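coords-v5.pdb follows (PDB, C-alpha atoms, pLDDT in the B column):
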ATOM      1  CA  ASP W   1     -26.620 -77.817 -37.008  1.00 64.00           C
ATOM      2  CA  ASN W   2     -23.837 -79.782 -38.653  1.00 77.00           C
ATOM      3  CA  ALA W   3     -23.166 -77.382 -41.527  1.00 78.00           C
ATOM      4  CA  GLY W   4     -19.925 -76.139 -39.970  1.00 81.00           C
ATOM      5  CA  ILE W   5     -18.500 -79.641 -39.632  1.00 88.00           C
ATOM      6  CA  GLN W   6     -19.511 -80.551 -43.179  1.00 89.00           C
ATOM      7  CA  ARG W   7     -18.026 -77.305 -44.503  1.00 90.00           C
ATOM      8  CA  GLU W   8     -14.684 -77.892 -42.798  1.00 92.00           C
ATOM      9  CA  THR W   9     -14.567 -81.480 -44.049  1.00 94.00           C
ATOM     10  CA  LEU W  10     -15.156 -80.374 -47.635  1.00 94.00           C
ATOM     11  CA  LEU W  11     -12.616 -77.565 -47.383  1.00 96.00           C
ATOM     12  CA  ARG W  12      -9.896 -80.076 -46.424  1.00 96.00           C
ATOM     13  CA  TYR W  13     -10.154 -81.388 -49.990  1.00 96.00           C
ATOM     14  CA  THR W  14     -10.159 -78.003 -51.693  1.00 97.00           C
ATOM     15  CA  ASP W  15      -7.391 -76.528 -53.838  1.00 97.00           C
ATOM     16  CA  PRO W  16      -5.743 -73.669 -51.887  1.00 96.00           C
ATOM     17  CA  ALA W  17      -6.351 -71.325 -54.854  1.00 96.00           C
ATOM     18  CA  TYR W  18     -10.128 -71.950 -54.572  1.00 97.00           C
ATOM     19  CA  TYR W  19     -10.347 -72.321 -50.776  1.00 97.00           C
ATOM     20  CA  ASN W  20     -11.369 -68.763 -49.828  1.00 97.00           C
ATOM     21  CA  ALA W  21     -13.983 -68.450 -52.586  1.00 96.00           C
ATOM     22  CA  LEU W  22     -15.592 -71.787 -51.737  1.00 96.00           C
ATOM     23  CA  LYS W  23     -15.511 -71.076 -48.012  1.00 96.00           C
ATOM     24  CA  ALA W  24     -17.207 -67.701 -48.531  1.00 96.00           C
ATOM     25  CA  ASP W  25     -19.959 -69.336 -50.635  1.00 94.00           C
ATOM     26  CA  LEU W  26     -20.498 -72.102 -48.080  1.00 93.00           C
ATOM     27  CA  VAL W  27     -20.647 -69.672 -45.157  1.00 93.00           C
ATOM     28  CA  LYS W  28     -23.129 -67.472 -47.038  1.00 93.00           C
ATOM     29  CA  GLU W  29     -25.352 -70.484 -47.801  1.00 89.00           C
ATOM     30  CA  SER W  30     -25.096 -71.742 -44.214  1.00 88.00           C
ATOM     31  CA  ASP W  31     -26.086 -68.325 -42.858  1.00 89.00           C
ATOM     32  CA  ARG W  32     -29.112 -68.221 -45.196  1.00 87.00           C
ATOM     33  CA  VAL W  33     -30.217 -71.714 -44.179  1.00 86.00           C
ATOM     34  CA  ASN W  34     -29.837 -70.919 -40.469  1.00 86.00           C
ATOM     35  CA  GLU W  35     -31.641 -67.571 -40.693  1.00 88.00           C
ATOM     36  CA  GLN W  36     -34.576 -69.134 -42.523  1.00 86.00           C
ATOM     37  CA  HIS W  37     -34.561 -72.313 -40.392  1.00 86.00           C
ATOM     38  CA  ILE W  38     -34.263 -74.538 -43.455  1.00 88.00           C
ATOM     39  CA  SER W  39     -33.270 -78.196 -43.318  1.00 90.00           C
ATOM     40  CA  LEU W  40     -31.519 -79.435 -46.462  1.00 89.00           C
ATOM     41  CA  ALA W  41     -30.566 -82.887 -47.704  1.00 92.00           C
ATOM     42  CA  PHE W  42     -29.021 -83.902 -51.024  1.00 94.00           C
ATOM     43  CA  TYR W  43     -29.590 -87.433 -52.312  1.00 97.00           C
ATOM     44  CA  THR W  44     -27.257 -88.470 -55.114  1.00 97.00           C
ATOM     45  CA  ALA W  45     -28.948 -90.140 -58.086  1.00 98.00           C
ATOM     46  CA  ASN W  46     -26.127 -90.234 -60.657  1.00 98.00           C
ATOM     47  CA  ILE W  47     -22.467 -89.335 -61.038  1.00 98.00           C
ATOM     48  CA  LYS W  48     -20.751 -88.930 -64.407  1.00 97.00           C
ATOM     49  CA  VAL W  49     -16.972 -88.720 -64.270  1.00 98.00           C
ATOM     50  CA  ASP W  50     -14.694 -87.348 -66.990  1.00 98.00           C
ATOM     51  CA  THR W  51     -11.234 -88.596 -66.024  1.00 96.00           C
ATOM     52  CA  LYS W  52      -9.468 -86.715 -68.818  1.00 97.00           C
ATOM     53  CA  ARG W  53     -10.863 -83.333 -67.765  1.00 97.00           C
ATOM     54  CA  LEU W  54     -10.885 -84.205 -64.033  1.00 97.00           C
ATOM     55  CA  GLU W  55     -14.540 -83.276 -63.710  1.00 98.00           C
ATOM     56  CA  ALA W  56     -17.651 -84.900 -62.323  1.00 98.00           C
ATOM     57  CA  ILE W  57     -21.315 -84.078 -62.766  1.00 97.00           C
ATOM     58  CA  ILE W  58     -23.249 -85.049 -59.669  1.00 97.00           C
ATOM     59  CA  GLU W  59     -27.011 -85.220 -60.114  1.00 97.00           C
ATOM     60  CA  GLY W  60     -29.498 -85.702 -57.328  1.00 97.00           C
ATOM     61  CA  ASP W  61     -32.522 -84.569 -55.413  1.00 97.00           C
ATOM     62  CA  LEU W  62     -32.321 -81.560 -53.127  1.00 95.00           C
ATOM     63  CA  LYS W  63     -34.918 -81.879 -50.387  1.00 95.00           C
ATOM     64  CA  ALA W  64     -35.719 -79.000 -48.106  1.00 93.00           C
ATOM     65  CA  SER W  65     -38.135 -78.197 -45.333  1.00 93.00           C
ATOM     66  CA  VAL W  66     -38.918 -75.282 -43.088  1.00 91.00           C
ATOM     67  CA  GLY W  67     -40.115 -76.607 -39.764  1.00 82.00           C
ATOM     68  CA  ASP W  68     -42.685 -79.280 -40.575  1.00 84.00           C
ATOM     69  CA  ALA W  69     -43.454 -77.839 -44.028  1.00 90.00           C
ATOM     70  CA  ALA W  70     -41.746 -79.674 -46.893  1.00 90.00           C
ATOM     71  CA  ILE W  71     -40.570 -77.659 -49.870  1.00 91.00           C
ATOM     72  CA  PRO W  72     -40.940 -79.447 -53.232  1.00 93.00           C
ATOM     73  CA  THR W  73     -37.954 -81.629 -54.105  1.00 95.00           C
ATOM     74  CA  LYS W  74     -35.712 -80.164 -56.779  1.00 95.00           C
ATOM     75  CA  ARG W  75     -33.535 -82.216 -59.160  1.00 96.00           C
ATOM     76  CA  VAL W  76     -30.152 -80.486 -59.446  1.00 96.00           C
ATOM     77  CA  LYS W  77     -26.789 -81.103 -61.092  1.00 97.00           C
ATOM     78  CA  TYR W  78     -23.434 -79.867 -59.890  1.00 97.00           C
ATOM     79  CA  LEU W  79     -20.212 -79.723 -61.873  1.00 97.00           C
ATOM     80  CA  VAL W  80     -17.153 -80.358 -59.720  1.00 97.00           C
ATOM     81  CA  GLY W  81     -13.702 -79.672 -61.165  1.00 98.00           C
ATOM     82  CA  TYR W  82     -10.594 -81.230 -59.670  1.00 97.00           C
ATOM     83  CA  ARG W  83      -6.840 -80.755 -59.726  1.00 97.00           C
ATOM     84  CA  TYR W  84      -4.480 -83.658 -59.198  1.00 95.00           C
ATOM     85  CA  ASP W  85      -1.648 -82.773 -56.826  1.00 93.00           C
ATOM     86  CA  ALA W  86       0.844 -85.218 -55.296  1.00 92.00           C
ATOM     87  CA  GLY W  87      -1.569 -88.136 -55.349  1.00 93.00           C
ATOM     88  CA  ARG W  88      -4.595 -86.137 -54.137  1.00 95.00           C
ATOM     89  CA  LEU W  89      -7.631 -84.851 -55.985  1.00 95.00           C
ATOM     90  CA  LEU W  90      -8.414 -81.325 -54.833  1.00 97.00           C
ATOM     91  CA  ILE W  91     -11.628 -79.451 -55.622  1.00 97.00           C
ATOM     92  CA  LYS W  92     -10.856 -76.494 -57.856  1.00 97.00           C
ATOM     93  CA  SER W  93     -14.405 -75.529 -58.845  1.00 97.00           C
ATOM     94  CA  PHE W  94     -17.987 -76.255 -57.822  1.00 96.00           C
ATOM     95  CA  GLU W  95     -21.060 -74.911 -59.569  1.00 95.00           C
ATOM     96  CA  GLU W  96     -24.666 -75.784 -60.229  1.00 95.00           C
ATOM     97  CA  VAL W  97     -25.330 -76.791 -63.835  1.00 95.00           C
ATOM     98  CA  LYS W  98     -28.395 -75.000 -65.152  1.00 89.00           C
ATOM     99  CA  ASN W  99     -30.654 -76.481 -67.857  1.00 73.00           C
ATOM    100  CA  ALA W 100     -28.435 -79.479 -68.545  1.00 55.00           C
TER     101      ALA W 100
END
Could you render the structure from this file as structure tokens?
Amino acid sequence: DNAGIQRETLLRYTDPAYYNALKADLVKESDRVNEQHISLAFYTANIKVDTKRLEAIIEGDLKASVGDAAIPTKRVKYLVGYRYDAGRLLIKSFEEVKNA
């Protein structure tokens, strides 16, 4: 139910050049979750930051359920790229890291 609020909060910190692409991906994922009545939660386990490349790898557990049925927890990693602009870090890329 709160996906729209979370999406808009994240998009406030997104590089304008990446804004439309990220918004489209987030809307698509939100629509899928709503259509399938999935509840999702991500629990961060580790964050590795590369200050020279302005990147972070965020690793954690993605928990999902459909109604009362839990879906097995999945350990995932995301690579987030940033751009520094006038004292602000803006998200310029976001992708799941496979087999890392």
Residues matched by the PyMOL selection byres ((chain W and resi 24-33) around 10) as a PDB file with C-alpha atoms, in the frame of the given file:
ATOM      1  CA  ASP W   1     -26.620 -77.817 -37.008  1.00 64.00           C
ATOM      2  CA  ASN W   2     -23.837 -79.782 -38.653  1.00 77.00           C
ATOM      3  CA  ALA W   3     -23.166 -77.382 -41.527  1.00 78.00           C
ATOM      4  CA  GLY W   4     -19.925 -76.139 -39.970  1.00 81.00           C
ATOM      5  CA  GLN W   6     -19.511 -80.551 -43.179  1.00 89.00           C
ATOM      6  CA  ARG W   7     -18.026 -77.305 -44.503  1.00 90.00           C
ATOM      7  CA  GLU W   8     -14.684 -77.892 -42.798  1.00 92.00           C
ATOM      8  CA  LEU W  10     -15.156 -80.374 -47.635  1.00 94.00           C
ATOM      9  CA  LEU W  11     -12.616 -77.565 -47.383  1.00 96.00           C
ATOM     10  CA  TYR W  19     -10.347 -72.321 -50.776  1.00 97.00           C
ATOM     11  CA  ASN W  20     -11.369 -68.763 -49.828  1.00 97.00           C
ATOM     12  CA  ALA W  21     -13.983 -68.450 -52.586  1.00 96.00           C
ATOM     13  CA  LEU W  22     -15.592 -71.787 -51.737  1.00 96.00           C
ATOM     14  CA  LYS W  23     -15.511 -71.076 -48.012  1.00 96.00           C
ATOM     15  CA  ASN W  34     -29.837 -70.919 -40.469  1.00 86.00           C
ATOM     16  CA  GLU W  35     -31.641 -67.571 -40.693  1.00 88.00           C
ATOM     17  CA  GLN W  36     -34.576 -69.134 -42.523  1.00 86.00           C
ATOM     18  CA  HIS W  37     -34.561 -72.313 -40.392  1.00 86.00           C
ATOM     19  CA  ILE W  38     -34.263 -74.538 -43.455  1.00 88.00           C
ATOM     20  CA  SER W  39     -33.270 -78.196 -43.318  1.00 90.00           C
ATOM     21  CA  LEU W  40     -31.519 -79.435 -46.462  1.00 89.00           C
ATOM     22  CA  ALA W  64     -35.719 -79.000 -48.106  1.00 93.00           C
ATOM     23  CA  VAL W  66     -38.918 -75.282 -43.088  1.00 91.00           C
TER      24      VAL W  66
END
Residues proximal to (-39.6, -84.7, -52.8) were defined as those with any atom within 7 Å of that point in the file's coordinates, counting all atoms listed in the file. Which are they, as a list in words?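 With a cut-off of 7 Å, the residues come to Lys63, Pro72 and Thr73 of chain W.
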Check your understanding: Exactly which residues make up the result of the PyMOL selection byres ((chain W and resi 97) around 12) on this file, given as a VMD selection string?
Key -> chain W and resid 56 to 60 75 to 80 94 to 96 98 to 100
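Between CA of Asp85 in chain W and CA of Pro16 in chain W there is a distance of 11.1 Å.
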*Interatomic distance between CA of Tyr18 in chain W and CA of Ala45 in chain W?*
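We find that CA of Tyr18 in chain W and CA of Ala45 in chain W lie 26.4 Å from each other.
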Atom pair CA of Lys92 in chain W + CA of Ala17 in chain W, distance 7.5 Å
Test item: axis-aligned box, all listed atoms of range 41-47 of chain W, 4 Å on each side, centre and edges in Å rounded to one decimal, as lines of an AutoDock Vina configuration file:
center_x = -26.5
center_y = -86.6
center_z = -54.4
size_x = 16.1
size_y = 15.3
size_z = 21.3
From the list W:Gly81, W:Ala69, W:Arg88, W:Asp61, the nearest residue to Val49 in chain W using only C-alpha atoms is W:Gly81
The PyMOL selection byres ((chain W and resi 90) around 6) resolved against shown file, as a ChimeraX atom specification
/W:13-15,82-83,89,91
